[in-house]
Each structure stands twice: as structure tokens, then as C-alpha cells.
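Undergrad: Sharing a structure here in C-alpha cells format.
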Amino acid sequence: MAEQKYVSLQQDSGKVNGNVEISHQVIEILLGIATNQIDGVYEMRGTISNRIDSLFGRINHGKGVDVSFNDDKVSADVYVYLNYGVSIPKVSLEIQKSAIEQLEFMTDLDLSEINVHVVGLIAKKESGEIERVTTDKKE
């Protein structure tokens, strides 16, 4: 089983004793939801396990997000499929802005770096079929 990682938040008020710790998985979920809400994002990269879970109605909002901690710095890698025809630089910039804003608002943590990896495009045909164009070996 993977080791559980937590990031501790600093308390500024001298009135409350105790610690606040946030699991790295919660941060992955937060960033995953923020990314999925951006127009032009079709879905996050998942695994076979994620696809099987989704068939049973279980959604992993943290899929497609890798978070790492180095001292007091948080960095993230986000792996996405975008809709065919969108501006990749504009959507990627919106992903970065949204992730930074949401993480700061919800946790008071600063995201020092967020890398957006576009692993494929999704094209919708007139017949309603979906064509997945990817070079991602993990899918």
C-alpha cells in the first residue's frame, strides 16, 4: 500500500492549538475537479482501473493528476484529453489559472508549478461517434 502523504498548514492565529494536515490525494482531487471544469477539457487521463470503476458509478476525481511536495513547494502534473478544435495554449493556460486559484482559495497553499500534458484529442463525428486520437501509452 502506498505511503500516505500529508501537507501541514501553518496557523497564523495564536489562539488555536493543533495542526491542519491535508492528504496529497485531496489536493489531487481538488486539482482534478478544477481542471475538469474548464471548457475544452474532455476528460482526464485514467487507467484501466479508473475505467472499470466508472462503469460501476465510482468516479476518481484525482485521476490524471500527479502532485509532488518539495519542502514547502507544491507542484503538479495534469494529464488531459482536449476537445478537437480548441486552442491548446488557451485551454492549458485556463487550466493553470484555475488550479492555482482553487488550491490557494481552498488550502492557502501556493502551487509553485503546474505542468499541463495534453495526451490526446477527442473528435466527435457527425454520427455521434467519438474518435480518440492519442499517443498515450498508459491509456
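Here's how to read the names in the C-alpha cells: chain A, B, ... by the order shown, residue numbers from 1 in each chain, ligand numbers from 1 in the order shown.
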What's the 6 Å shell around segment 115-123 of chain A, counting only C-alpha atoms, without same-chain residues fewer than 5 positions away, as a list in words?
TA: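 So, after excluding close chain neighbours, the residues are Asp77, Val78, Tyr79, Val80, Tyr81, Leu82, Asn83, Tyr84, Ile130, Glu131, Arg132, Val133, Thr134 and Asp136 of chain A.
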Undergrad: Write to file, as a tab-separated table (two decimals), in the first residue's frame, the residues of the selection just made, with all heavy atoms.
TA:
```tsv
chain	number	residue	atom	x	y	z
A	77	ASP	N	1.44	17.84	-12.02
A	77	ASP	CA	1.38	17.49	-13.43
A	77	ASP	C	-0.05	17.04	-13.71
A	77	ASP	O	-0.59	16.18	-13.00
A	77	ASP	CB	2.36	16.37	-13.76
A	77	ASP	CG	3.80	16.85	-13.73
A	77	ASP	OD1	4.20	17.53	-14.68
A	77	ASP	OD2	4.50	16.54	-12.75
A	78	VAL	N	-0.67	17.64	-14.73
A	78	VAL	CA	-2.05	17.34	-15.08
A	78	VAL	C	-2.05	16.76	-16.49
A	78	VAL	O	-1.46	17.34	-17.40
A	78	VAL	CB	-2.91	18.63	-15.03
A	78	VAL	CG1	-4.33	18.36	-15.45
A	78	VAL	CG2	-2.87	19.24	-13.64
A	79	TYR	N	-2.71	15.61	-16.66
A	79	TYR	CA	-2.75	14.90	-17.94
A	79	TYR	C	-4.19	14.93	-18.46
A	79	TYR	O	-5.10	14.39	-17.82
A	79	TYR	CB	-2.28	13.46	-17.76
A	79	TYR	CG	-0.85	13.38	-17.27
A	79	TYR	CD1	-0.56	13.44	-15.92
A	79	TYR	CD2	0.20	13.28	-18.17
A	79	TYR	CE1	0.75	13.38	-15.47
A	79	TYR	CE2	1.51	13.23	-17.73
A	79	TYR	CZ	1.79	13.28	-16.38
A	79	TYR	OH	3.09	13.22	-15.94
A	80	VAL	N	-4.40	15.56	-19.63
A	80	VAL	CA	-5.75	15.79	-20.12
A	80	VAL	C	-5.93	15.38	-21.58
A	80	VAL	O	-4.98	15.34	-22.36
A	80	VAL	CB	-6.16	17.28	-20.00
A	80	VAL	CG1	-6.23	17.73	-18.57
A	80	VAL	CG2	-5.22	18.18	-20.79
A	81	TYR	N	-7.19	15.08	-21.91
A	81	TYR	CA	-7.65	14.96	-23.28
A	81	TYR	C	-8.48	16.20	-23.55
A	81	TYR	O	-9.35	16.56	-22.75
A	81	TYR	CB	-8.55	13.73	-23.46
A	81	TYR	CG	-7.79	12.44	-23.46
A	81	TYR	CD1	-7.60	11.73	-22.29
A	81	TYR	CD2	-7.27	11.92	-24.64
A	81	TYR	CE1	-6.91	10.53	-22.27
A	81	TYR	CE2	-6.58	10.71	-24.64
A	81	TYR	CZ	-6.40	10.03	-23.46
A	81	TYR	OH	-5.71	8.86	-23.45
A	82	LEU	N	-8.22	16.85	-24.67
A	82	LEU	CA	-8.96	18.05	-25.02
A	82	LEU	C	-9.89	17.77	-26.20
A	82	LEU	O	-9.66	16.84	-26.97
A	82	LEU	CB	-8.00	19.19	-25.40
A	82	LEU	CG	-7.02	19.65	-24.31
A	82	LEU	CD1	-6.17	20.80	-24.83
A	82	LEU	CD2	-7.76	20.05	-23.05
A	83	ASN	N	-10.92	18.59	-26.30
A	83	ASN	CA	-11.82	18.50	-27.45
A	83	ASN	C	-11.09	18.97	-28.69
A	83	ASN	O	-10.34	19.96	-28.65
A	83	ASN	CB	-13.06	19.37	-27.23
A	83	ASN	CG	-13.93	18.84	-26.12
A	83	ASN	OD1	-14.14	17.65	-26.00
A	83	ASN	ND2	-14.44	19.74	-25.30
A	84	TYR	N	-11.31	18.28	-29.80
A	84	TYR	CA	-10.71	18.68	-31.06
A	84	TYR	C	-11.22	20.07	-31.45
A	84	TYR	O	-12.40	20.37	-31.30
A	84	TYR	CB	-11.06	17.67	-32.17
A	84	TYR	CG	-10.52	18.08	-33.50
A	84	TYR	CD1	-9.18	17.84	-33.82
A	84	TYR	CD2	-11.32	18.72	-34.43
A	84	TYR	CE1	-8.66	18.23	-35.04
A	84	TYR	CE2	-10.81	19.12	-35.65
A	84	TYR	CZ	-9.49	18.88	-35.95
A	84	TYR	OH	-8.97	19.27	-37.16
A	130	ILE	N	-17.44	8.92	-31.15
A	130	ILE	CA	-16.30	9.65	-30.61
A	130	ILE	C	-15.02	8.99	-31.10
A	130	ILE	O	-14.85	7.77	-31.01
A	130	ILE	CB	-16.33	9.66	-29.07
A	130	ILE	CG1	-17.54	10.46	-28.59
A	130	ILE	CG2	-15.05	10.24	-28.50
A	130	ILE	CD1	-17.74	10.45	-27.10
A	131	GLU	N	-14.12	9.80	-31.64
A	131	GLU	CA	-12.82	9.30	-32.08
A	131	GLU	C	-11.75	9.82	-31.14
A	131	GLU	O	-11.61	11.03	-30.95
A	131	GLU	CB	-12.54	9.77	-33.51
A	131	GLU	CG	-11.21	9.27	-34.04
A	131	GLU	CD	-10.94	9.74	-35.45
A	131	GLU	OE1	-11.82	10.37	-36.07
A	131	GLU	OE2	-9.84	9.47	-35.94
A	132	ARG	N	-11.01	8.91	-30.54
A	132	ARG	CA	-9.95	9.25	-29.60
A	132	ARG	C	-8.62	9.19	-30.34
A	132	ARG	O	-8.23	8.15	-30.84
A	132	ARG	CB	-9.96	8.27	-28.44
A	132	ARG	CG	-8.91	8.51	-27.39
A	132	ARG	CD	-9.00	7.46	-26.30
A	132	ARG	NE	-10.29	7.46	-25.65
A	132	ARG	CZ	-10.54	8.05	-24.49
A	132	ARG	NH1	-9.58	8.64	-23.83
A	132	ARG	NH2	-11.74	8.03	-23.98
A	133	VAL	N	-7.93	10.33	-30.39
A	133	VAL	CA	-6.62	10.40	-31.04
A	133	VAL	C	-5.59	10.62	-29.94
A	133	VAL	O	-5.59	11.66	-29.29
A	133	VAL	CB	-6.56	11.56	-32.06
A	133	VAL	CG1	-5.21	11.60	-32.74
A	133	VAL	CG2	-7.69	11.43	-33.06
A	134	THR	N	-4.73	9.63	-29.71
A	134	THR	CA	-3.78	9.73	-28.61
A	134	THR	C	-2.50	8.97	-28.93
A	134	THR	O	-2.50	8.05	-29.74
A	134	THR	CB	-4.39	9.17	-27.31
A	134	THR	OG1	-3.44	9.32	-26.26
A	134	THR	CG2	-4.75	7.71	-27.45
A	136	ASP	N	-0.79	8.31	-25.98
A	136	ASP	CA	-0.57	7.97	-24.58
A	136	ASP	C	-0.51	6.46	-24.41
A	136	ASP	O	-1.46	5.76	-24.73
A	136	ASP	CB	-1.67	8.56	-23.73
A	136	ASP	CG	-1.38	8.46	-22.24
A	136	ASP	OD1	-0.21	8.21	-21.87
A	136	ASP	OD2	-2.32	8.64	-21.44
```
Undergrad: Which value, in Å to one decimal, gives the distance between atom CA of Ile114 of chain A and atom CA of Val86 of chain A?
TA: 20.1 Å
Undergrad: For the interface of segment 43-132 of chain A with segment 25-36 of chain A (cut-off 10 Å, counting only C-alpha atoms), please tabulate each contacting residue of segment 43-132 of chain A alongside its nearest pair of atoms and their separation in Å to one decimal, rows sorted by chain and increasing number, as CSV.
TA:
```
residue,atom,partner,partner_atom,distance
A:Glu43,CA,A:Asn36,CA,6.6
A:Met44,CA,A:Asn36,CA,7.3
A:Asn60,CA,A:Ile29,CA,7.7
A:His61,CA,A:Ile29,CA,4.9
A:Gly62,CA,A:Ile29,CA,3.9
A:Lys63,CA,A:Gly32,CA,6.8
A:Gly64,CA,A:Gly32,CA,7.2
A:Val65,CA,A:Glu28,CA,5.6
A:Asp66,CA,A:Glu28,CA,6.7
A:Val67,CA,A:Glu28,CA,6.4
A:Ser68,CA,A:Glu28,CA,9.9
A:Val74,CA,A:Ile27,CA,9.7
A:Ala76,CA,A:Glu28,CA,8.4
A:Asp77,CA,A:Glu28,CA,9.7
A:Val78,CA,A:Gly32,CA,7.9
A:Tyr79,CA,A:Gly32,CA,9.5
A:Val80,CA,A:Thr35,CA,8.5
A:Val91,CA,A:Thr35,CA,9.7
A:Ser92,CA,A:Thr35,CA,9.4
A:Glu94,CA,A:Thr35,CA,8.5
A:Ile95,CA,A:Thr35,CA,5.4
A:Gln96,CA,A:Thr35,CA,8.2
A:Lys97,CA,A:Ala34,CA,9.6
A:Ser98,CA,A:Ala34,CA,6.1
A:Ala99,CA,A:Leu31,CA,5.5
A:Ile100,CA,A:Leu31,CA,8.6
A:Glu101,CA,A:Ala34,CA,9.1
A:Gln102,CA,A:Ala34,CA,6.9
A:Leu103,CA,A:Leu30,CA,7.1
A:Met106,CA,A:Leu30,CA,8.6
A:Thr107,CA,A:Ile27,CA,8.7
A:Leu109,CA,A:Ile27,CA,9.9
A:Ile114,CA,A:Leu31,CA,10.0
A:Val116,CA,A:Thr35,CA,9.9
```
Undergrad: Please dump the current selection as a tab-separated table (two decimals), in the first residue's frame; keep N, CA and C atoms.
TA:
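The resulting file, result_26.tsv, is shown below:
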```tsv
chain	number	residue	atom	x	y	z
A	43	GLU	N	-11.70	15.06	-20.88
A	43	GLU	CA	-11.56	14.21	-19.71
A	43	GLU	C	-10.10	14.19	-19.28
A	44	MET	N	-9.87	13.61	-18.12
A	44	MET	CA	-8.52	13.43	-17.59
A	44	MET	C	-8.03	12.04	-17.98
A	60	ASN	N	-13.21	8.78	-9.86
A	60	ASN	CA	-11.96	9.18	-9.22
A	60	ASN	C	-11.61	10.56	-9.74
A	61	HIS	N	-11.92	11.60	-8.96
A	61	HIS	CA	-11.65	12.97	-9.41
A	61	HIS	C	-10.17	13.30	-9.43
A	62	GLY	N	-9.35	12.50	-8.79
A	62	GLY	CA	-7.92	12.76	-8.76
A	62	GLY	C	-7.16	12.12	-9.91
A	63	LYS	N	-7.86	11.37	-10.77
A	63	LYS	CA	-7.15	10.71	-11.87
A	63	LYS	C	-6.57	11.76	-12.81
A	64	GLY	N	-5.43	11.45	-13.37
A	64	GLY	CA	-4.79	12.36	-14.30
A	64	GLY	C	-4.03	13.48	-13.64
A	65	VAL	N	-3.86	13.42	-12.32
A	65	VAL	CA	-3.12	14.47	-11.60
A	65	VAL	C	-2.06	13.81	-10.73
A	66	ASP	N	-0.83	14.27	-10.87
A	66	ASP	CA	0.26	13.84	-10.00
A	66	ASP	C	0.77	15.06	-9.24
A	67	VAL	N	0.80	14.96	-7.92
A	67	VAL	CA	1.24	16.07	-7.08
A	67	VAL	C	2.53	15.66	-6.38
A	68	SER	N	3.46	16.60	-6.30
A	68	SER	CA	4.69	16.34	-5.55
A	68	SER	C	4.97	17.51	-4.62
A	74	VAL	N	4.61	23.06	-3.66
A	74	VAL	CA	3.73	22.06	-4.23
A	74	VAL	C	3.79	22.21	-5.75
A	76	ALA	N	2.51	20.23	-9.59
A	76	ALA	CA	1.55	19.27	-10.11
A	76	ALA	C	1.75	19.06	-11.60
A	77	ASP	N	1.44	17.84	-12.02
A	77	ASP	CA	1.38	17.49	-13.43
A	77	ASP	C	-0.05	17.04	-13.71
A	78	VAL	N	-0.67	17.64	-14.73
A	78	VAL	CA	-2.05	17.34	-15.08
A	78	VAL	C	-2.05	16.76	-16.49
A	79	TYR	N	-2.71	15.61	-16.66
A	79	TYR	CA	-2.75	14.90	-17.94
A	79	TYR	C	-4.19	14.93	-18.46
A	80	VAL	N	-4.40	15.56	-19.63
A	80	VAL	CA	-5.75	15.79	-20.12
A	80	VAL	C	-5.93	15.38	-21.58
A	91	VAL	N	-6.54	26.83	-23.55
A	91	VAL	CA	-7.15	25.91	-22.59
A	91	VAL	C	-6.12	25.54	-21.51
A	92	SER	N	-4.89	25.31	-21.91
A	92	SER	CA	-3.83	24.97	-20.95
A	92	SER	C	-3.61	26.09	-19.95
A	94	GLU	N	-5.84	28.35	-19.05
A	94	GLU	CA	-7.01	28.38	-18.17
A	94	GLU	C	-6.93	27.29	-17.11
A	95	ILE	N	-6.43	26.12	-17.48
A	95	ILE	CA	-6.24	25.03	-16.52
A	95	ILE	C	-5.27	25.48	-15.42
A	96	GLN	N	-4.16	26.08	-15.83
A	96	GLN	CA	-3.16	26.54	-14.86
A	96	GLN	C	-3.74	27.60	-13.94
A	97	LYS	N	-4.44	28.59	-14.50
A	97	LYS	CA	-5.01	29.66	-13.68
A	97	LYS	C	-6.03	29.10	-12.68
A	98	SER	N	-6.92	28.24	-13.16
A	98	SER	CA	-7.96	27.68	-12.30
A	98	SER	C	-7.36	26.84	-11.18
A	99	ALA	N	-6.37	26.03	-11.51
A	99	ALA	CA	-5.74	25.17	-10.50
A	99	ALA	C	-5.06	26.01	-9.42
A	100	ILE	N	-4.35	27.04	-9.82
A	100	ILE	CA	-3.66	27.91	-8.86
A	100	ILE	C	-4.68	28.61	-7.96
A	101	GLU	N	-5.75	29.17	-8.55
A	101	GLU	CA	-6.76	29.88	-7.78
A	101	GLU	C	-7.47	28.96	-6.79
A	102	GLN	N	-7.89	27.78	-7.26
A	102	GLN	CA	-8.64	26.87	-6.40
A	102	GLN	C	-7.79	26.34	-5.25
A	103	LEU	N	-6.54	25.99	-5.55
A	103	LEU	CA	-5.68	25.47	-4.50
A	103	LEU	C	-5.42	26.53	-3.44
A	106	MET	N	-8.80	27.19	-1.41
A	106	MET	CA	-9.28	26.10	-0.55
A	106	MET	C	-8.27	25.63	0.48
A	107	THR	N	-6.98	25.89	0.25
A	107	THR	CA	-5.97	25.35	1.18
A	107	THR	C	-4.96	26.37	1.67
A	109	LEU	N	-2.41	27.08	0.08
A	109	LEU	CA	-1.14	26.61	-0.45
A	109	LEU	C	-0.87	27.29	-1.79
A	114	ILE	N	2.73	24.12	-12.28
A	114	ILE	CA	1.73	23.18	-12.81
A	114	ILE	C	2.02	22.96	-14.29
A	116	VAL	N	0.88	21.13	-17.72
A	116	VAL	CA	-0.27	20.56	-18.40
A	116	VAL	C	0.25	19.68	-19.53
```
Undergrad: Have a look at atom CA of Asp110 of chain A and atom CA of Asn17 of chain A and let me know their distance in Å, one decimal.
TA: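 Interatomic distance, atom CA of Asp110 of chain A to atom CA of Asn17 of chain A: 23.2 Å.
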Undergrad: Which one of A:Glu21, A:Lys124, A:Asp71, A:Tyr42 sits closest to Asp108 of chain A if you count only C-alpha atoms?
TA: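 For Asp108 of chain A, the nearest of the candidates is A:Glu21.
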Undergrad: Atom CA of Lys125 of chain A and atom CA of Gln37 of chain A are how many Å apart?
TA: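 Taking atom CA of Lys125 of chain A as the start and atom CA of Gln37 of chain A as the end point, the length is 22.9 Å.
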